[in-house]
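Undergrad: Please read through the structure below; I'll follow up with questions.
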Amino acid sequence: MKYVVVILVVLLGVWLWKKSRADARDEKEEALAKPQKTKQADAPPQIMLSCAVCGVHLPKSDALVGKRGSYCSASHRLQQEG
């Protein structure tokens with residue numbers, strides 16, 4: 001009889017441990033499933049330009065505009081325009 005009680009207590013402990021792990025996993029999945037609003041997600045899309053030298057695409061706000069086009073860096077602008 002003593003062994004039956006010990007086995008039941010152990011089984012109850014294992015069941016409670018698994019249940020708490022499952023609850024924690026469910027909470028984590030719910031948190032990941034919720035859409036998270038970020039500042040960038042609310043920002044409108046930016047116009048993309050390509051560098052006249054290397055062709056890299058970059059946002060208009062980051063581009064350096066010169067006489068012959070837009071550039072990704074000052075060195076490319078100097079290279080193209082002299």
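Letters A, B, ... mark the chains of the structure tokens in the order given; residue numbers begin at 1 per chain; ligand numbers begin at 1, in order shown.
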Could you name the residues that touch Gln80 (chain A) at 9 Å or less, counting only C-alpha atoms, but leaving out those on the same chain fewer than 3 positions away, as a PyMOL selection string?

TA: chain A and resi 52-53+68+75-77

Undergrad: Choose the residue, out of A:Val5, A:Ala33, A:Ala63, A:Leu12, that has the smallest atom-to-atom separation from Ile47 (chain A); count only C-alpha atoms.

TA: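 Closest to Ile47 (chain A) of all the choices is A:Ala63.
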
Undergrad: Could you give me the residues within chain A that DSSP places in strand (DSSP E or B), as number ranges by chain?

TA: A: 48-50, 57-59, 64-66, 69-71

Undergrad: So that I have them on file, write out the residues from the current selection with C-alpha atoms, as a compact mmCIF listing (two decimals), in the first residue's frame.

TA:
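Generated file (out_33.txt):
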```txt
# COMPACT_ATOMS: atom_id res chain seq x y z
CA MET A 48 14.59 53.61 -53.81
CA LEU A 49 17.41 54.89 -56.04
CA SER A 50 20.31 53.03 -57.56
CA HIS A 57 19.77 50.25 -54.44
CA LEU A 58 19.32 52.51 -51.41
CA PRO A 59 16.60 54.76 -49.94
CA LEU A 64 24.04 61.43 -52.27
CA VAL A 65 22.70 63.36 -55.24
CA GLY A 66 25.17 64.72 -57.77
CA GLY A 69 22.79 60.96 -60.74
CA SER A 70 22.56 59.55 -57.26
CA TYR A 71 25.33 57.70 -55.46
```

Undergrad: Kindly give the distance, in Å, that separates CA of Gln46 (chain A) and CA of Lys60 (chain A), rounded to a single decimal.

TA: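 The value is 7.0 Å.
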